[in-house]
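Text of the file work.cif, holding mmCIF, N, CA and C atoms:
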```
data_entry
#
loop_
_atom_site.label_atom_id
_atom_site.label_comp_id
_atom_site.auth_asym_id
_atom_site.auth_seq_id
_atom_site.Cartn_x
_atom_site.Cartn_y
_atom_site.Cartn_z
N MET M 1 35.53 14.79 35.17
CA MET M 1 34.54 15.73 34.70
C MET M 1 33.16 15.13 34.93
N GLU M 2 32.25 15.95 35.44
CA GLU M 2 30.91 15.48 35.72
C GLU M 2 30.09 15.35 34.45
N GLN M 3 29.07 14.51 34.49
CA GLN M 3 28.22 14.26 33.33
C GLN M 3 27.59 15.55 32.81
N GLU M 4 27.13 16.41 33.72
CA GLU M 4 26.48 17.67 33.33
C GLU M 4 27.44 18.56 32.55
N ASP M 5 28.69 18.66 33.00
CA ASP M 5 29.69 19.46 32.30
C ASP M 5 29.98 18.90 30.91
N MET M 6 30.06 17.58 30.81
CA MET M 6 30.32 16.94 29.53
C MET M 6 29.18 17.21 28.55
N GLU M 7 27.94 17.17 29.04
CA GLU M 7 26.79 17.45 28.17
C GLU M 7 26.82 18.88 27.64
N LYS M 8 27.23 19.84 28.47
CA LYS M 8 27.34 21.24 28.02
C LYS M 8 28.37 21.37 26.91
N ILE M 9 29.49 20.69 27.06
CA ILE M 9 30.55 20.76 26.05
C ILE M 9 30.06 20.15 24.74
N LEU M 10 29.39 19.01 24.82
CA LEU M 10 28.91 18.35 23.62
C LEU M 10 27.84 19.17 22.89
N LYS M 11 27.06 19.94 23.63
CA LYS M 11 26.00 20.76 23.04
C LYS M 11 26.51 22.13 22.59
N SER M 12 27.71 22.48 22.93
CA SER M 12 28.26 23.79 22.59
C SER M 12 28.32 23.99 21.08
N PRO M 13 27.90 25.20 20.61
CA PRO M 13 27.95 25.47 19.17
C PRO M 13 29.34 25.87 18.68
N PHE M 14 30.32 25.85 19.55
CA PHE M 14 31.66 26.30 19.19
C PHE M 14 32.61 25.13 19.03
N SER M 15 33.55 25.26 18.08
CA SER M 15 34.58 24.23 17.94
C SER M 15 35.80 24.65 18.75
N ASN M 16 36.72 23.74 18.92
CA ASN M 16 37.94 24.04 19.66
C ASN M 16 38.81 25.08 18.96
N ASN M 17 38.61 25.25 17.66
CA ASN M 17 39.42 26.19 16.91
C ASN M 17 38.75 27.56 16.78
N ASP M 18 37.52 27.70 17.28
CA ASP M 18 36.83 28.99 17.24
C ASP M 18 37.41 29.94 18.28
N TYR M 19 37.39 31.21 17.94
CA TYR M 19 37.83 32.26 18.87
C TYR M 19 36.65 33.18 19.10
N LEU M 20 36.24 33.36 20.34
CA LEU M 20 35.08 34.16 20.69
C LEU M 20 35.50 35.49 21.30
N VAL M 21 34.86 36.55 20.83
CA VAL M 21 35.19 37.91 21.27
C VAL M 21 33.91 38.65 21.58
N LYS M 22 33.90 39.42 22.67
CA LYS M 22 32.78 40.31 22.97
C LYS M 22 33.11 41.74 22.56
N ASP M 23 34.37 42.10 22.60
CA ASP M 23 34.79 43.48 22.35
C ASP M 23 34.74 43.80 20.86
N ILE M 24 34.00 44.86 20.51
CA ILE M 24 33.79 45.20 19.11
C ILE M 24 35.08 45.70 18.44
N GLY M 25 35.93 46.39 19.18
CA GLY M 25 37.21 46.85 18.63
C GLY M 25 38.14 45.70 18.34
N GLU M 26 38.18 44.75 19.24
CA GLU M 26 39.01 43.57 19.03
C GLU M 26 38.51 42.78 17.81
N ALA M 27 37.19 42.65 17.70
CA ALA M 27 36.61 41.95 16.56
C ALA M 27 36.98 42.66 15.25
N ALA M 28 36.90 43.99 15.24
CA ALA M 28 37.25 44.75 14.04
C ALA M 28 38.73 44.57 13.70
N SER M 29 39.58 44.50 14.71
CA SER M 29 41.01 44.32 14.44
C SER M 29 41.29 42.96 13.82
N LEU M 30 40.54 41.94 14.23
CA LEU M 30 40.70 40.62 13.63
C LEU M 30 40.28 40.63 12.17
N LEU M 31 39.19 41.34 11.87
CA LEU M 31 38.77 41.47 10.47
C LEU M 31 39.84 42.19 9.65
N CYS M 32 40.46 43.21 10.23
CA CYS M 32 41.51 43.96 9.53
C CYS M 32 42.66 43.05 9.11
N LYS M 33 42.91 42.05 9.92
CA LYS M 33 44.01 41.13 9.64
C LYS M 33 43.55 39.89 8.87
N SER M 34 42.36 40.00 8.26
CA SER M 34 41.81 38.98 7.36
C SER M 34 41.52 37.64 8.03
N VAL M 35 41.20 37.66 9.32
CA VAL M 35 40.77 36.44 9.98
C VAL M 35 39.31 36.20 9.58
N LYS M 36 38.97 34.97 9.28
CA LYS M 36 37.63 34.66 8.80
C LYS M 36 36.61 34.79 9.94
N PHE M 37 35.63 35.67 9.71
CA PHE M 37 34.52 35.85 10.64
C PHE M 37 33.48 34.77 10.33
N LEU M 38 33.15 33.96 11.34
CA LEU M 38 32.23 32.85 11.12
C LEU M 38 30.78 33.23 11.34
N ARG M 39 30.50 33.88 12.48
CA ARG M 39 29.11 34.20 12.80
C ARG M 39 29.03 35.00 14.10
N LEU M 40 27.82 35.49 14.34
CA LEU M 40 27.48 36.05 15.64
C LEU M 40 26.75 34.95 16.42
N GLN M 41 27.05 34.82 17.68
CA GLN M 41 26.40 33.81 18.50
C GLN M 41 25.78 34.51 19.71
N ARG M 42 24.46 34.46 19.79
CA ARG M 42 23.76 35.12 20.89
C ARG M 42 23.88 34.32 22.17
N GLU M 43 24.13 35.03 23.26
CA GLU M 43 24.13 34.42 24.59
C GLU M 43 23.46 35.40 25.54
N GLY M 44 22.23 35.13 25.87
CA GLY M 44 21.47 36.04 26.73
C GLY M 44 21.21 37.35 26.00
N SER M 45 21.65 38.45 26.61
CA SER M 45 21.39 39.77 26.03
C SER M 45 22.56 40.32 25.21
N PHE M 46 23.60 39.51 24.98
CA PHE M 46 24.73 39.99 24.18
C PHE M 46 25.12 38.96 23.14
N TYR M 47 26.02 39.36 22.26
CA TYR M 47 26.49 38.48 21.18
C TYR M 47 27.99 38.27 21.27
N TRP M 48 28.40 37.07 20.91
CA TRP M 48 29.81 36.77 20.71
C TRP M 48 30.12 36.93 19.22
N PHE M 49 31.26 37.49 18.90
CA PHE M 49 31.77 37.48 17.54
C PHE M 49 32.64 36.24 17.46
N VAL M 50 32.34 35.36 16.52
CA VAL M 50 33.04 34.07 16.43
C VAL M 50 33.93 34.06 15.18
N PHE M 51 35.22 33.84 15.40
CA PHE M 51 36.21 33.79 14.32
C PHE M 51 36.85 32.41 14.29
N GLU M 52 37.42 32.05 13.14
CA GLU M 52 38.15 30.79 13.07
C GLU M 52 39.63 31.04 13.37
N ASN M 53 40.35 29.95 13.61
CA ASN M 53 41.80 29.97 13.83
C ASN M 53 42.17 30.64 15.16
N ARG M 54 41.86 29.95 16.23
CA ARG M 54 42.09 30.45 17.58
C ARG M 54 43.54 30.92 17.79
N GLN M 55 44.49 30.15 17.32
CA GLN M 55 45.90 30.49 17.56
C GLN M 55 46.26 31.83 16.93
N LEU M 56 45.87 32.04 15.68
CA LEU M 56 46.14 33.30 15.00
C LEU M 56 45.41 34.45 15.70
N CYS M 57 44.17 34.22 16.08
CA CYS M 57 43.39 35.26 16.76
C CYS M 57 44.04 35.67 18.08
N GLU M 58 44.54 34.71 18.82
CA GLU M 58 45.19 35.02 20.10
C GLU M 58 46.43 35.88 19.89
N GLN M 59 47.19 35.60 18.84
CA GLN M 59 48.38 36.40 18.54
C GLN M 59 48.00 37.84 18.18
N ILE M 60 46.99 37.98 17.33
CA ILE M 60 46.54 39.31 16.91
C ILE M 60 45.95 40.07 18.10
N SER M 61 45.14 39.40 18.88
CA SER M 61 44.49 40.04 20.03
C SER M 61 45.50 40.51 21.07
N GLU M 62 46.54 39.72 21.27
CA GLU M 62 47.59 40.12 22.20
C GLU M 62 48.22 41.44 21.76
N LYS M 63 48.49 41.55 20.46
CA LYS M 63 49.04 42.80 19.93
C LYS M 63 48.04 43.94 20.02
N TYR M 64 46.76 43.64 19.77
CA TYR M 64 45.72 44.67 19.86
C TYR M 64 45.67 45.25 21.27
N TRP M 65 45.60 44.38 22.28
CA TRP M 65 45.46 44.86 23.66
C TRP M 65 46.73 45.51 24.19
N SER M 66 47.88 45.17 23.65
CA SER M 66 49.13 45.79 24.11
C SER M 66 49.42 47.09 23.35
N GLY M 67 48.61 47.39 22.33
CA GLY M 67 48.81 48.61 21.56
C GLY M 67 49.86 48.48 20.47
N GLU M 68 50.27 47.25 20.16
CA GLU M 68 51.32 47.03 19.17
C GLU M 68 50.78 46.66 17.79
N LEU M 69 49.47 46.47 17.65
CA LEU M 69 48.90 46.06 16.37
C LEU M 69 48.85 47.27 15.43
N MET M 70 49.43 47.10 14.26
CA MET M 70 49.46 48.17 13.27
C MET M 70 48.49 47.84 12.14
N VAL M 71 47.48 48.70 11.98
CA VAL M 71 46.52 48.57 10.89
C VAL M 71 46.20 49.96 10.37
N SER M 72 45.77 50.01 9.14
CA SER M 72 45.34 51.26 8.54
C SER M 72 44.07 51.75 9.25
N ALA M 73 44.02 53.04 9.56
CA ALA M 73 42.84 53.60 10.21
C ALA M 73 41.60 53.42 9.32
N ARG M 74 41.77 53.58 8.03
CA ARG M 74 40.65 53.43 7.11
C ARG M 74 40.15 51.98 7.06
N VAL M 75 41.07 51.04 7.05
CA VAL M 75 40.70 49.62 7.04
C VAL M 75 40.01 49.27 8.35
N PHE M 76 40.52 49.79 9.46
CA PHE M 76 39.90 49.53 10.76
C PHE M 76 38.48 50.10 10.80
N ASN M 77 38.30 51.31 10.30
CA ASN M 77 36.98 51.92 10.27
C ASN M 77 36.01 51.09 9.42
N ASP M 78 36.46 50.62 8.28
CA ASP M 78 35.62 49.77 7.42
C ASP M 78 35.24 48.47 8.13
N ALA M 79 36.20 47.88 8.83
CA ALA M 79 35.95 46.63 9.55
C ALA M 79 34.96 46.87 10.70
N LEU M 80 35.12 47.98 11.38
CA LEU M 80 34.21 48.33 12.47
C LEU M 80 32.79 48.52 11.95
N ARG M 81 32.66 49.18 10.82
CA ARG M 81 31.35 49.38 10.20
C ARG M 81 30.72 48.03 9.82
N THR M 82 31.52 47.14 9.27
CA THR M 82 31.03 45.81 8.90
C THR M 82 30.52 45.05 10.13
N ILE M 83 31.31 45.08 11.20
CA ILE M 83 30.92 44.40 12.44
C ILE M 83 29.61 44.99 12.98
N LYS M 84 29.51 46.31 13.01
CA LYS M 84 28.29 46.95 13.51
C LYS M 84 27.09 46.60 12.64
N ASP M 85 27.27 46.59 11.33
CA ASP M 85 26.17 46.23 10.43
C ASP M 85 25.67 44.82 10.73
N ARG M 86 26.59 43.89 10.92
CA ARG M 86 26.19 42.51 11.23
C ARG M 86 25.48 42.43 12.58
N LEU M 87 25.99 43.17 13.56
CA LEU M 87 25.42 43.15 14.90
C LEU M 87 24.01 43.74 14.90
N PHE M 88 23.84 44.90 14.30
CA PHE M 88 22.54 45.56 14.33
C PHE M 88 21.53 44.88 13.42
N ALA M 89 21.96 44.11 12.47
CA ALA M 89 21.04 43.35 11.63
C ALA M 89 20.39 42.22 12.42
N GLN M 90 21.03 41.82 13.54
CA GLN M 90 20.51 40.74 14.38
C GLN M 90 19.42 41.21 15.33
N LYS M 91 19.35 42.51 15.58
CA LYS M 91 18.41 43.03 16.58
C LYS M 91 17.10 43.40 15.98
#
```

Let me see whether you can do it: turn the structure in this file into structure tokens.
Amino acid sequence: MEQEDMEKILKSPFSNNDYLVKDIGEAASLLCKSVKFLRLQREGSFYWFVFENRQLCEQISEKYWSGELMVSARVFNDALRTIKDRLFAQK
């Protein structure tokens, strides 16, 4: 690994256990399943939704994208509203 790459990793605000998501629906689904939302992380003109517990997030996200994740529509709507509130509060 080159020195420049190592410096980028050391300066990264993310831990190895963080799970980063750009998709707002995926982020809402993680909230529905009670995964701890850590923060929004700005990168250029967009934000990452940062959650803890990468392994759990990957399992939930796999089900979300395959259409197998079962959540209450009302809970999902509440989670989506929460995510949007956090996102728009940053702008």

Selection near range 45-52 of chain M, 10 Å with only C-alpha atoms, sequence-local residues under 5 positions removed, as a PyMOL selection string: chain M and resi 14-24+26-28+30-31+35-40+57+83+86-87+90

Quick one: of M:Trp65, M:Gly25, M:Glu58, M:Asn53, who's nearest to Leu80 in chain M, counting only N, CA and C atoms? M:Gly25

Go through range 24-72 of chain M and collect every residue that DSSP, computed from the backbone, puts in strand (DSSP E or B); the answer should be as a VMD selection string. chain M and resid 37 to 43 46 to 51

I'd like the interatomic distance between CA of Glu43 in chain M and atom C of Lys84 in chain M, to a tenth of an Å. 17.3 Å

What residues in chain M get the DSSP label helix (DSSP H, G or I)? Please answer as an MDAnalysis selection string. chainID M and resid 3:11 24:32 54:66 73:89
